[in-house]
>>> print(open('structure29.txt').read())   # compact mmCIF, C-alpha atoms
# COMPACT_ATOMS: atom_id res chain seq x y z
CA MET A 1 0.00 0.00 0.00
CA PRO A 2 1.57 3.30 -1.07
CA SER A 3 2.17 5.81 1.70
CA ASP A 4 -0.30 8.69 1.59
CA GLY A 5 0.53 12.30 1.15
CA PHE A 6 4.25 12.14 0.48
CA GLN A 7 5.86 15.58 0.43
CA VAL A 8 9.26 17.21 0.00
CA VAL A 9 9.61 20.39 2.06
CA HIS A 10 12.69 22.62 1.85
CA GLU A 11 13.78 25.39 4.18
CA THR A 12 17.03 27.34 4.64
CA LEU A 13 18.30 28.24 8.10
CA THR A 14 20.65 31.18 8.50
CA VAL A 15 22.95 30.80 11.48
CA ARG A 16 25.23 33.54 12.79
CA THR A 17 28.35 32.08 14.42
CA THR A 18 30.65 33.89 16.86
CA GLY A 19 33.91 32.23 15.81
CA LYS A 20 35.18 28.71 16.46
CA GLY A 21 32.78 26.40 18.28
CA THR A 22 29.60 24.34 18.11
CA VAL A 23 26.16 25.97 17.90
CA GLU A 24 23.09 23.85 18.60
CA ILE A 25 20.43 24.02 15.88
CA THR A 26 18.17 21.17 17.07
CA ASP A 27 15.29 23.51 17.94
CA ALA A 28 15.42 25.17 14.53
CA VAL A 29 15.36 21.78 12.77
CA ASN A 30 12.44 20.68 14.95
CA ALA A 31 10.55 23.88 14.14
CA VAL A 32 10.84 23.26 10.38
CA LEU A 33 9.72 19.66 10.88
CA ARG A 34 6.67 20.73 12.93
CA GLU A 35 5.77 23.36 10.33
CA SER A 36 5.90 20.72 7.57
CA GLY A 37 3.12 18.76 9.27
CA LEU A 38 4.77 15.50 8.16
CA ALA A 39 4.59 12.42 10.39
CA ARG A 40 7.23 9.94 9.22
CA GLY A 41 10.35 10.30 7.07
CA THR A 42 13.81 11.88 7.14
CA VAL A 43 15.25 15.36 7.52
CA THR A 44 18.45 16.04 5.63
CA VAL A 45 20.48 18.83 7.22
CA PHE A 46 23.00 20.17 4.73
CA CYS A 47 25.86 22.62 5.29
CA ARG A 48 26.58 24.86 2.26
CA HIS A 49 30.16 25.64 3.33
CA THR A 50 33.57 23.98 3.41
CA SER A 51 34.99 25.70 6.50
CA CYS A 52 32.24 24.72 8.90
CA SER A 53 30.47 21.39 9.33
CA LEU A 54 27.80 19.45 11.14
CA VAL A 55 27.90 16.91 13.95
CA LEU A 56 25.40 15.14 16.16
CA MET A 57 26.72 15.40 19.70
CA GLU A 58 25.73 15.12 23.34
CA ASN A 59 23.79 18.24 24.31
CA ALA A 60 23.45 17.65 28.05
CA ASP A 61 26.87 18.60 29.44
CA PRO A 62 28.63 21.44 27.53
CA SER A 63 32.01 20.14 28.72
CA ALA A 64 31.71 17.23 26.28
CA ARG A 65 31.64 19.68 23.38
CA GLN A 66 34.42 21.71 24.93
CA ASP A 67 36.67 18.62 25.01
CA LEU A 68 35.67 17.65 21.46
CA GLU A 69 36.60 21.10 20.19
CA ALA A 70 39.89 21.06 22.13
CA TYR A 71 40.74 17.64 20.70
CA MET A 72 40.07 18.78 17.16
CA ASP A 73 42.26 21.89 17.61
CA ARG A 74 45.12 19.62 18.64
CA LEU A 75 44.47 17.10 15.86
CA VAL A 76 44.49 19.81 13.18
CA PRO A 77 46.96 22.51 14.22
CA GLU A 78 47.36 25.83 12.42
CA ASP A 79 50.57 26.86 10.69
CA GLU A 80 51.63 23.40 9.52
CA PRO A 81 54.88 24.06 7.60
CA TYR A 82 53.68 22.08 4.57
CA PHE A 83 50.42 24.04 4.13
CA VAL A 84 50.31 25.92 0.81
CA HIS A 85 46.75 27.27 0.99
CA THR A 86 47.46 30.00 3.57
CA LEU A 87 46.34 33.26 1.91
CA GLU A 88 43.06 33.43 3.84
CA GLY A 89 44.77 33.07 7.21
CA PRO A 90 46.16 30.32 9.45
CA ASP A 91 42.67 29.09 10.42
CA ASP A 92 41.52 28.55 6.82
CA MET A 93 43.17 25.25 5.91
CA PRO A 94 42.52 23.66 9.35
CA SER A 95 38.85 24.63 8.87
CA HIS A 96 38.61 22.67 5.62
CA ILE A 97 40.33 19.66 7.21
CA LYS A 98 38.05 19.68 10.28
CA MET A 99 35.06 19.86 7.92
CA ALA A 100 36.36 16.85 5.94
CA LEU A 101 36.85 14.86 9.17
CA THR A 102 33.29 15.54 10.37
CA ARG A 103 30.15 15.90 8.20
CA SER A 104 28.63 18.18 5.57
CA ALA A 105 25.22 16.54 5.95
CA GLU A 106 23.30 14.74 8.65
CA ILE A 107 20.20 12.73 7.84
CA ILE A 108 17.82 12.11 10.74
CA PRO A 109 14.66 9.97 10.64
CA PHE A 110 11.49 11.25 12.28
CA ASP A 111 8.37 9.47 13.55
CA ARG A 112 5.04 10.89 14.75
CA GLY A 113 6.39 14.29 13.72
CA ARG A 114 9.42 14.09 16.05
CA LEU A 115 13.10 13.62 15.21
CA SER A 116 14.29 10.12 16.20
CA LEU A 117 17.29 11.59 18.06
CA GLY A 118 18.59 9.87 21.17
CA THR A 119 17.80 11.43 24.54
CA TRP A 120 21.00 13.49 24.71
CA GLN A 121 21.66 13.83 21.01
CA GLY A 122 21.58 17.29 19.44
CA VAL A 123 22.33 18.71 15.98
CA PHE A 124 25.23 21.16 15.93
CA LEU A 125 26.71 23.50 13.38
CA TRP A 126 30.45 23.51 13.98
CA GLU A 127 32.14 26.77 13.01
CA HIS A 128 35.83 26.19 12.28
CA ARG A 129 36.83 29.76 11.33
CA SER A 130 38.12 32.12 14.05
CA ARG A 131 35.86 35.02 13.04
CA PRO A 132 32.05 35.15 13.10
CA HIS A 133 30.32 34.03 9.91
CA THR A 134 26.79 33.85 8.57
CA ARG A 135 26.12 30.24 7.56
CA GLU A 136 23.38 28.68 5.48
CA ILE A 137 21.96 25.28 6.36
CA VAL A 138 19.49 23.71 3.91
CA LEU A 139 16.85 21.35 5.31
CA SER A 140 15.14 18.84 3.03
CA VAL A 141 12.24 17.07 4.74
CA HIS A 142 10.96 13.95 2.95
CA GLY A 143 7.96 12.30 4.54
CA VAL A 144 4.37 11.21 4.66
CA THR A 145 1.49 12.87 6.48
CA GLU A 146 -0.09 9.81 8.07
CA GLN A 147 1.76 7.86 10.74
CA MET B 1 6.05 9.72 -15.16
CA PRO B 2 5.73 9.57 -11.37
CA SER B 3 7.17 6.48 -9.70
CA ASP B 4 4.48 4.06 -8.51
CA GLY B 5 3.88 2.97 -4.99
CA PHE B 6 6.30 5.16 -3.09
CA GLN B 7 6.54 4.18 0.58
CA VAL B 8 8.37 5.18 3.75
CA VAL B 9 9.03 2.21 6.03
CA HIS B 10 10.60 2.59 9.49
CA GLU B 11 12.09 -0.05 11.74
CA THR B 12 14.26 0.05 14.85
CA LEU B 13 17.08 -2.45 15.37
CA THR B 14 18.27 -3.20 18.87
CA VAL B 15 21.92 -4.25 18.97
CA ARG B 16 23.66 -5.58 22.07
CA THR B 17 27.38 -4.76 22.02
CA THR B 18 30.10 -6.50 24.03
CA GLY B 19 32.35 -3.48 24.57
CA LYS B 20 34.64 -1.67 22.14
CA GLY B 21 34.58 -2.94 18.57
CA THR B 22 32.64 -3.16 15.32
CA VAL B 23 29.51 -5.31 14.98
CA GLU B 24 28.21 -6.12 11.50
CA ILE B 25 24.53 -5.30 10.99
CA THR B 26 24.33 -5.78 7.20
CA ASP B 27 22.07 -8.84 7.47
CA ALA B 28 19.64 -7.04 9.76
CA VAL B 29 19.46 -4.07 7.38
CA ASN B 30 18.89 -6.44 4.44
CA ALA B 31 16.12 -8.23 6.34
CA VAL B 32 14.23 -4.97 6.92
CA LEU B 33 14.67 -4.04 3.26
CA ARG B 34 13.33 -7.44 2.10
CA GLU B 35 10.39 -7.17 4.48
CA SER B 36 9.51 -3.73 3.04
CA GLY B 37 9.00 -5.24 -0.41
CA LEU B 38 10.44 -2.08 -1.99
CA ALA B 39 12.50 -2.31 -5.18
CA ARG B 40 14.42 0.94 -5.60
CA GLY B 41 15.36 3.74 -3.20
CA THR B 42 17.56 4.40 -0.17
CA VAL B 43 17.93 3.01 3.32
CA THR B 44 18.99 5.49 5.98
CA VAL B 45 20.72 3.79 8.91
CA PHE B 46 20.72 6.10 11.93
CA CYS B 47 22.53 5.71 15.26
CA ARG B 48 20.62 7.20 18.22
CA HIS B 49 23.73 7.55 20.41
CA THR B 50 26.79 9.80 20.73
CA SER B 51 29.26 7.22 22.08
CA CYS B 52 28.93 4.71 19.28
CA SER B 53 28.76 5.27 15.54
CA LEU B 54 28.39 3.71 12.11
CA VAL B 55 30.85 2.91 9.36
CA LEU B 56 30.81 1.02 6.07
CA MET B 57 33.87 -1.20 6.09
CA GLU B 58 35.41 -4.23 4.44
CA ASN B 59 33.72 -7.36 5.79
CA ALA B 60 35.90 -10.02 4.19
CA ASP B 61 39.03 -10.06 6.34
CA PRO B 62 38.41 -9.25 10.04
CA SER B 63 42.02 -8.05 10.38
CA ALA B 64 41.10 -4.89 8.44
CA ARG B 65 38.61 -3.94 11.16
CA GLN B 66 41.09 -4.92 13.85
CA ASP B 67 43.65 -2.47 12.40
CA LEU B 68 41.02 0.25 11.98
CA GLU B 69 40.01 -0.11 15.63
CA ALA B 70 43.66 -0.12 16.78
CA TYR B 71 44.36 3.00 14.73
CA MET B 72 41.37 4.82 16.24
CA ASP B 73 42.45 3.90 19.77
CA ARG B 74 45.83 5.47 19.09
CA LEU B 75 44.33 8.54 17.39
CA VAL B 76 42.01 9.23 20.31
CA PRO B 77 43.75 8.20 23.54
CA GLU B 78 42.07 8.08 26.92
CA ASP B 79 43.12 10.27 29.84
CA GLU B 80 44.14 13.33 27.83
CA PRO B 81 45.20 15.86 30.50
CA TYR B 82 43.01 18.59 28.99
CA PHE B 83 39.78 16.54 29.09
CA VAL B 84 37.18 18.08 31.41
CA HIS B 85 34.27 15.71 30.71
CA THR B 86 35.63 12.73 32.67
CA LEU B 87 32.92 11.88 35.22
CA GLU B 88 31.60 8.93 33.21
CA GLY B 89 35.02 7.29 32.92
CA PRO B 90 38.15 7.55 30.77
CA ASP B 91 36.47 5.94 27.76
CA ASP B 92 33.57 8.41 27.64
CA MET B 93 35.14 11.45 25.98
CA PRO B 94 37.17 9.34 23.48
CA SER B 95 33.88 7.66 22.55
CA HIS B 96 32.25 10.95 21.63
CA ILE B 97 35.31 11.99 19.62
CA LYS B 98 35.46 8.69 17.70
CA MET B 99 31.76 9.08 16.94
CA ALA B 100 32.34 12.61 15.60
CA LEU B 101 35.21 11.38 13.39
CA THR B 102 33.08 8.60 11.85
CA ARG B 103 29.34 8.71 11.11
CA SER B 104 25.98 8.90 12.90
CA ALA B 105 24.10 7.94 9.74
CA GLU B 106 24.79 5.97 6.60
CA ILE B 107 22.54 6.22 3.57
CA ILE B 108 22.67 3.32 1.14
CA PRO B 109 20.83 3.07 -2.20
CA PHE B 110 19.11 -0.18 -3.15
CA ASP B 111 18.03 -1.62 -6.51
CA ARG B 112 15.89 -4.64 -7.32
CA GLY B 113 15.35 -4.98 -3.58
CA ARG B 114 19.08 -5.31 -2.81
CA LEU B 115 21.46 -2.86 -1.12
CA SER B 116 23.91 -1.35 -3.66
CA LEU B 117 26.87 -2.18 -1.41
CA GLY B 118 30.19 -3.12 -2.96
CA THR B 119 31.21 -6.77 -2.92
CA TRP B 120 33.13 -6.53 0.36
CA GLN B 121 31.30 -3.62 1.89
CA GLY B 122 29.37 -4.19 5.12
CA VAL B 123 27.44 -1.95 7.53
CA PHE B 124 28.91 -1.85 11.03
CA LEU B 125 27.84 -0.45 14.36
CA TRP B 126 31.00 0.70 16.12
CA GLU B 127 30.79 0.56 19.89
CA HIS B 128 33.27 2.99 21.45
CA ARG B 129 32.47 2.38 25.15
CA SER B 130 34.45 -0.28 27.06
CA ARG B 131 31.37 -1.92 28.57
CA PRO B 132 28.53 -3.68 26.74
CA HIS B 133 25.60 -1.48 25.75
CA THR B 134 22.19 -1.90 24.17
CA ARG B 135 22.06 0.36 21.10
CA GLU B 136 19.17 1.50 18.95
CA ILE B 137 19.56 1.90 15.21
CA VAL B 138 16.65 3.44 13.29
CA LEU B 139 16.16 2.41 9.65
CA SER B 140 14.18 4.63 7.28
CA VAL B 141 13.54 2.96 3.93
CA HIS B 142 12.33 5.31 1.17
CA GLY B 143 11.50 3.63 -2.10
CA VAL B 144 9.18 2.51 -4.85
CA THR B 145 7.68 -0.93 -5.41
CA GLU B 146 8.29 -1.27 -9.13
CA GLN B 147 11.82 -1.55 -10.47
CA MET C 1 -1.19 18.87 -0.20
CA PRO C 2 0.88 15.95 -1.49
CA SER C 3 3.81 16.85 -3.73
CA ASP C 4 3.19 16.00 -7.40
CA GLY C 5 5.19 13.65 -9.50
CA PHE C 6 7.54 12.18 -6.94
CA GLN C 7 10.22 10.00 -8.54
CA VAL C 8 13.23 7.91 -7.58
CA VAL C 9 15.92 7.95 -10.29
CA HIS C 10 19.08 5.84 -10.05
CA GLU C 11 22.28 6.10 -12.05
CA THR C 12 25.77 4.64 -11.67
CA LEU C 13 28.86 6.71 -12.45
CA THR C 14 32.09 4.95 -13.35
CA VAL C 15 35.14 6.99 -12.41
CA ARG C 16 38.69 6.09 -13.41
CA THR C 17 41.21 7.32 -10.84
CA THR C 18 44.95 7.82 -11.42
CA GLY C 19 46.13 6.90 -7.93
CA LYS C 20 45.88 8.82 -4.67
CA GLY C 21 44.01 12.12 -4.84
CA THR C 22 40.66 13.86 -5.17
CA VAL C 23 38.70 13.80 -8.44
CA GLU C 24 35.83 16.27 -8.89
CA ILE C 25 32.55 14.66 -9.95
CA THR C 26 30.23 17.66 -9.48
CA ASP C 27 29.52 17.99 -13.21
CA ALA C 28 28.63 14.31 -13.53
CA VAL C 29 26.23 14.57 -10.56
CA ASN C 30 24.67 17.70 -12.06
CA ALA C 31 24.23 15.95 -15.42
CA VAL C 32 22.29 13.08 -13.83
CA LEU C 33 20.14 15.58 -11.91
CA ARG C 34 19.36 17.55 -15.09
CA GLU C 35 18.52 14.36 -16.95
CA SER C 36 16.07 13.36 -14.19
CA GLY C 37 14.01 16.48 -14.82
CA LEU C 38 13.26 16.73 -11.09
CA ALA C 39 12.92 20.13 -9.44
CA ARG C 40 13.22 19.68 -5.67
CA GLY C 41 14.62 16.88 -3.51
CA THR C 42 17.92 15.24 -2.61
CA VAL C 43 20.71 13.45 -4.45
CA THR C 44 22.44 10.68 -2.55
CA VAL C 45 25.98 10.06 -3.82
CA PHE C 46 27.18 6.64 -2.67
CA CYS C 47 30.67 5.12 -2.93
CA ARG C 48 30.63 1.32 -3.40
CA HIS C 49 34.19 0.84 -2.10
CA THR C 50 36.06 0.82 1.22
CA SER C 51 39.43 2.14 0.00
CA CYS C 52 38.16 5.36 -1.55
CA SER C 53 35.61 7.83 -0.22
CA LEU C 54 33.67 11.02 -0.83
CA VAL C 55 34.07 14.55 0.44
CA LEU C 56 32.54 17.94 -0.30
CA MET C 57 35.43 20.36 -0.60
CA GLU C 58 36.40 23.78 -1.90
CA ASN C 59 36.81 23.57 -5.67
CA ALA C 60 38.18 27.04 -6.37
CA ASP C 61 41.85 26.79 -5.37
CA PRO C 62 43.42 23.34 -5.96
CA SER C 63 46.00 24.06 -3.23
CA ALA C 64 43.28 23.55 -0.59
CA ARG C 65 42.82 19.97 -1.75
CA GLN C 66 46.57 19.48 -1.98
CA ASP C 67 46.93 20.48 1.69
CA LEU C 68 43.98 18.30 2.71
CA GLU C 69 45.54 15.29 0.99
CA ALA C 70 48.95 16.02 2.53
CA TYR C 71 47.39 16.32 5.98
CA MET C 72 45.59 13.00 5.60
CA ASP C 73 48.80 11.25 4.47
CA ARG C 74 50.47 12.45 7.67
CA LEU C 75 47.50 11.57 9.87
CA VAL C 76 47.33 8.02 8.52
CA PRO C 77 50.87 6.85 7.74
CA GLU C 78 51.71 3.62 5.94
CA ASP C 79 53.66 0.81 7.54
CA GLU C 80 52.39 1.25 11.09
CA PRO C 81 54.11 -1.54 13.04
CA TYR C 82 50.82 -2.72 14.58
CA PHE C 83 49.02 -3.17 11.24
CA VAL C 84 48.07 -6.82 10.60
CA HIS C 85 46.11 -6.37 7.36
CA THR C 86 49.10 -5.79 5.08
CA LEU C 87 48.86 -8.44 2.36
CA GLU C 88 47.46 -6.05 -0.25
CA GLY C 89 50.29 -3.56 0.21
CA PRO C 90 51.26 -0.72 2.55
CA ASP C 91 48.60 1.63 1.12
CA ASP C 92 45.70 -0.76 1.74
CA MET C 93 45.05 -0.34 5.46
CA PRO C 94 45.61 3.46 5.38
CA SER C 95 43.04 3.58 2.56
CA HIS C 96 40.37 1.94 4.70
CA ILE C 97 41.16 4.27 7.61
CA LYS C 98 41.00 7.41 5.44
CA MET C 99 37.68 6.18 4.08
CA ALA C 100 36.34 5.69 7.63
CA LEU C 101 37.48 9.21 8.61
CA THR C 102 35.71 10.83 5.64
CA ARG C 103 32.42 9.71 4.02
CA SER C 104 30.95 6.81 2.05
CA ALA C 105 27.88 8.84 1.11
CA GLU C 106 27.03 12.50 0.61
CA ILE C 107 23.43 13.67 0.46
CA ILE C 108 22.83 17.00 -1.26
CA PRO C 109 19.50 18.83 -1.54
CA PHE C 110 18.51 20.42 -4.86
CA ASP C 111 16.06 23.19 -5.73
CA ARG C 112 14.79 24.38 -9.12
CA GLY C 113 16.74 21.48 -10.60
CA ARG C 114 20.10 22.68 -9.19
CA LEU C 115 22.23 21.23 -6.39
CA SER C 116 22.11 23.45 -3.29
CA LEU C 117 25.91 23.45 -3.03
CA GLY C 118 27.70 26.53 -1.75
CA THR C 119 29.50 28.75 -4.25
CA TRP C 120 32.86 27.00 -3.92
CA GLN C 121 31.63 23.61 -2.82
CA GLY C 122 32.29 20.62 -5.09
CA VAL C 123 31.71 16.86 -4.82
CA PHE C 124 34.91 14.81 -4.88
CA LEU C 125 35.76 11.15 -5.12
CA TRP C 126 38.86 10.62 -3.01
CA GLU C 127 41.04 7.75 -4.19
CA HIS C 128 43.19 6.44 -1.33
CA ARG C 129 45.00 3.62 -3.17
CA SER C 130 48.35 4.35 -4.85
CA ARG C 131 47.41 2.69 -8.13
CA PRO C 132 44.65 3.70 -10.57
CA HIS C 133 41.26 2.09 -9.97
CA THR C 134 37.86 2.03 -11.63
CA ARG C 135 35.30 3.16 -9.07
CA GLU C 136 31.53 2.96 -9.04
CA ILE C 137 29.44 5.74 -7.56
CA VAL C 138 25.69 5.17 -7.26
CA LEU C 139 23.40 8.20 -7.44
CA SER C 140 19.87 8.04 -6.00
CA VAL C 141 17.81 11.10 -6.88
CA HIS C 142 14.59 11.51 -4.85
CA GLY C 143 12.44 14.44 -5.83
CA VAL C 144 9.34 16.06 -7.21
CA THR C 145 8.81 17.54 -10.66
CA GLU C 146 7.11 20.77 -9.72
CA GLN C 147 9.00 23.45 -7.81
>>> encode(input="structure29.txt", output="structure tokens")
Amino acid sequence: MPSDGFQVVHETLTVRTTGKGTVEITDAVNAVLRESGLARGTVTVFCRHTSCSLVLMENADPSARQDLEAYMDRLVPEDEPYFVHTLEGPDDMPSHIKMALTRSAEIIPFDRGRLSLGTWQGVFLWEHRSRPHTREIVLSVHGVTEQ
Amino acid sequence: MPSDGFQVVHETLTVRTTGKGTVEITDAVNAVLRESGLARGTVTVFCRHTSCSLVLMENADPSARQDLEAYMDRLVPEDEPYFVHTLEGPDDMPSHIKMALTRSAEIIPFDRGRLSLGTWQGVFLWEHRSRPHTREIVLSVHGVTEQ
Amino acid sequence: MPSDGFQVVHETLTVRTTGKGTVEITDAVNAVLRESGLARGTVTVFCRHTSCSLVLMENADPSARQDLEAYMDRLVPEDEPYFVHTLEGPDDMPSHIKMALTRSAEIIPFDRGRLSLGTWQGVFLWEHRSRPHTREIVLSVHGVTEQ
């Protein structure tokens, strides 16, 4: 039996970052999902940039994100002597690398109109540049209206 | 011409892990796909946790996974002096980091009712905690009934 | 109101690599999207191999990719003394690890028949083996015909 009322709903979030760090966008994703009125399907969260990225991470204790960010800064240091792509500043190339090591898109199922995230799982935009940026996140909701 | 019989089918897998390591779930994903009766589309495999993750990996020679796991243990050591989030044990923060460096979701196309995986490509849940855990994996199958 | 004319369109790209490095496949993905005639939805780009991977990366200045590749070669060296899976050569195990640290699939929304990529964002197949290989990339386009 074909699912009834399949729809594709798109929305773009604009997120202002304040420099390096993770910014939770779970509420904004949930708001778009609620607005769609869809019951069951997936939300694709897509980052239109190559110097920031996405990650699903624990959202209960902020110290977990603090340690994750500190780890990544050590894993991908600035000013590596072999870097060639340095015109845009010492944080540019590490930003691309951190993006490549995390995710440009997350895809999250939803049921009964709610994201199927774990209890302490949140959606985060991870800014890798040192300065504030305005970032665009495209949401593509694919789902059916009846549960 | 619109595709006939589009459906969205959801299922939750419960996987019991035995501590750190990769657990193949390809057969379970295939079983849900077969049960759906769908011919062509995608399966989204979603991990509802932030201290385990997913990866598509060679499933022929177990030594490849053994080396991958050993590499990751060296890349993300326990007891880093700068870790703040340590209340839940020395394996907690490394687990979140390993999750962030791999994937929370995999999306796999299927054709003629079969996953379009490569010959030696399997779907693995990667437990990063030292102790056994019960993990939930949500599958969202989007597809059409006719090939 | 259900979306009209929902379709699922599959295509397989065959990409010949020349050894280690990133190969842009954005144009090929765009061509399949155009051919589908779909207006709004997502393209899933799926890599059927475990020793190459996908990444969305800056496609303006090739030096950014050069630095990314150099970084990854340092992060995952060949001939680690603890590697067991070495029969297929010193570049085999590092290839699997680099794959696990990047992505097997990318999912990209599209609107008005165009990928919602950022201005300098391209889709790349990343060959991790030293020798040339023929690689298969499966595209699964899910979308509706009307904007």
>>> interface_residues(input="structure29.txt", of="chain A", to="chain C", cutoff="7 Å", atoms="all atoms listed in the file", output="list of chain:residue names")
A:Gly5, A:Phe6, A:Gln7, A:Val8, A:Phe46, A:Arg48, A:His49, A:Thr50, A:Phe83, A:Val84, A:His85, A:Met93, A:Ile97, A:Ala100, A:Leu101, A:Ala105, A:Ser140
>>> residues_around(input="structure29.txt", residues="Asn30 (chain B)", least_positions_apart="6", cutoff="9 Å", atoms="all atoms listed in the file", output="list in words")
Gly113, Arg114 and Leu115 of chain B
>>> residues_near_point(input="structure29.txt", point="(20.1, 28.0, 3.3)", cutoff="6 Å", atoms="only C-alpha atoms", output="VMD selection string")
chain A and resid 12 to 13 136 to 138
>>> residues_near_point(input="structure29.txt", point="(23.1, 31.2, 5.1)", cutoff="6 Å", atoms="only C-alpha atoms", output="ChimeraX atom specification")
/A:14,134-136
>>> atom_distance(input="structure29.txt", atom1="CA of Gln147 (chain B)", atom2="CA of Ser36 (chain A)")
29.3 Å
>>> atom_distance(input="structure29.txt", atom1="CA of Asp79 (chain A)", atom2="CA of Asp91 (chain A)")
8.2 Å
>>> residues_around(input="structure29.txt", residues="His128 (chain C)", least_positions_apart="2", cutoff="7 Å", atoms="all atoms listed in the file", output="ChimeraX atom specification")
/C:20-21,51-52,95,126,130
>>> atom_distance(input="structure29.txt", atom1="CA of Val23 (chain B)", atom2="CA of Glu88 (chain B)")
23.2 Å
>>> decode(input="structure29.txt", residues="region 5-19 of chain C", atoms="N, CA and C atoms", output="JSON list (two decimals), in the first residue's frame")
[["chain", "number", "residue", "atom", "x", "y", "z"],
["C", 5, "GLY", "N", 4.18, 14.24, -8.63],
["C", 5, "GLY", "CA", 5.19, 13.65, -9.50],
["C", 5, "GLY", "C", 6.46, 13.25, -8.79],
["C", 6, "PHE", "N", 6.34, 12.63, -7.63],
["C", 6, "PHE", "CA", 7.54, 12.18, -6.94],
["C", 6, "PHE", "C", 8.19, 11.02, -7.69],
["C", 7, "GLN", "N", 9.52, 11.06, -7.84],
["C", 7, "GLN", "CA", 10.22, 10.00, -8.54],
["C", 7, "GLN", "C", 11.51, 9.63, -7.82],
["C", 8, "VAL", "N", 11.93, 8.40, -8.05],
["C", 8, "VAL", "CA", 13.23, 7.91, -7.58],
["C", 8, "VAL", "C", 14.03, 7.50, -8.82],
["C", 9, "VAL", "N", 15.13, 8.20, -9.09],
["C", 9, "VAL", "CA", 15.92, 7.95, -10.29],
["C", 9, "VAL", "C", 17.32, 7.50, -9.87],
["C", 10, "HIS", "N", 17.75, 6.36, -10.37],
["C", 10, "HIS", "CA", 19.08, 5.84, -10.05],
["C", 10, "HIS", "C", 20.00, 5.86, -11.27],
["C", 11, "GLU", "N", 21.27, 6.12, -11.00],
["C", 11, "GLU", "CA", 22.28, 6.10, -12.05],
["C", 11, "GLU", "C", 23.61, 5.69, -11.43],
["C", 12, "THR", "N", 24.44, 4.98, -12.17],
["C", 12, "THR", "CA", 25.77, 4.64, -11.67],
["C", 12, "THR", "C", 26.84, 5.35, -12.49],
["C", 13, "LEU", "N", 27.72, 6.07, -11.80],
["C", 13, "LEU", "CA", 28.86, 6.71, -12.45],
["C", 13, "LEU", "C", 30.07, 5.79, -12.34],
["C", 14, "THR", "N", 30.82, 5.68, -13.40],
["C", 14, "THR", "CA", 32.09, 4.95, -13.35],
["C", 14, "THR", "C", 33.20, 5.98, -13.46],
["C", 15, "VAL", "N", 34.07, 5.99, -12.46],
["C", 15, "VAL", "CA", 35.14, 6.99, -12.41],
["C", 15, "VAL", "C", 36.48, 6.27, -12.41],
["C", 16, "ARG", "N", 37.34, 6.65, -13.34],
["C", 16, "ARG", "CA", 38.69, 6.09, -13.41],
["C", 16, "ARG", "C", 39.63, 7.01, -12.65],
["C", 17, "THR", "N", 40.29, 6.49, -11.61],
["C", 17, "THR", "CA", 41.21, 7.32, -10.84],
["C", 17, "THR", "C", 42.65, 7.05, -11.32],
["C", 18, "THR", "N", 43.56, 7.96, -10.97],
["C", 18, "THR", "CA", 44.95, 7.82, -11.42],
["C", 18, "THR", "C", 45.88, 7.61, -10.24],
["C", 19, "GLY", "N", 45.36, 7.05, -9.17],
["C", 19, "GLY", "CA", 46.13, 6.90, -7.93],
["C", 19, "GLY", "C", 45.62, 7.89, -6.91]]
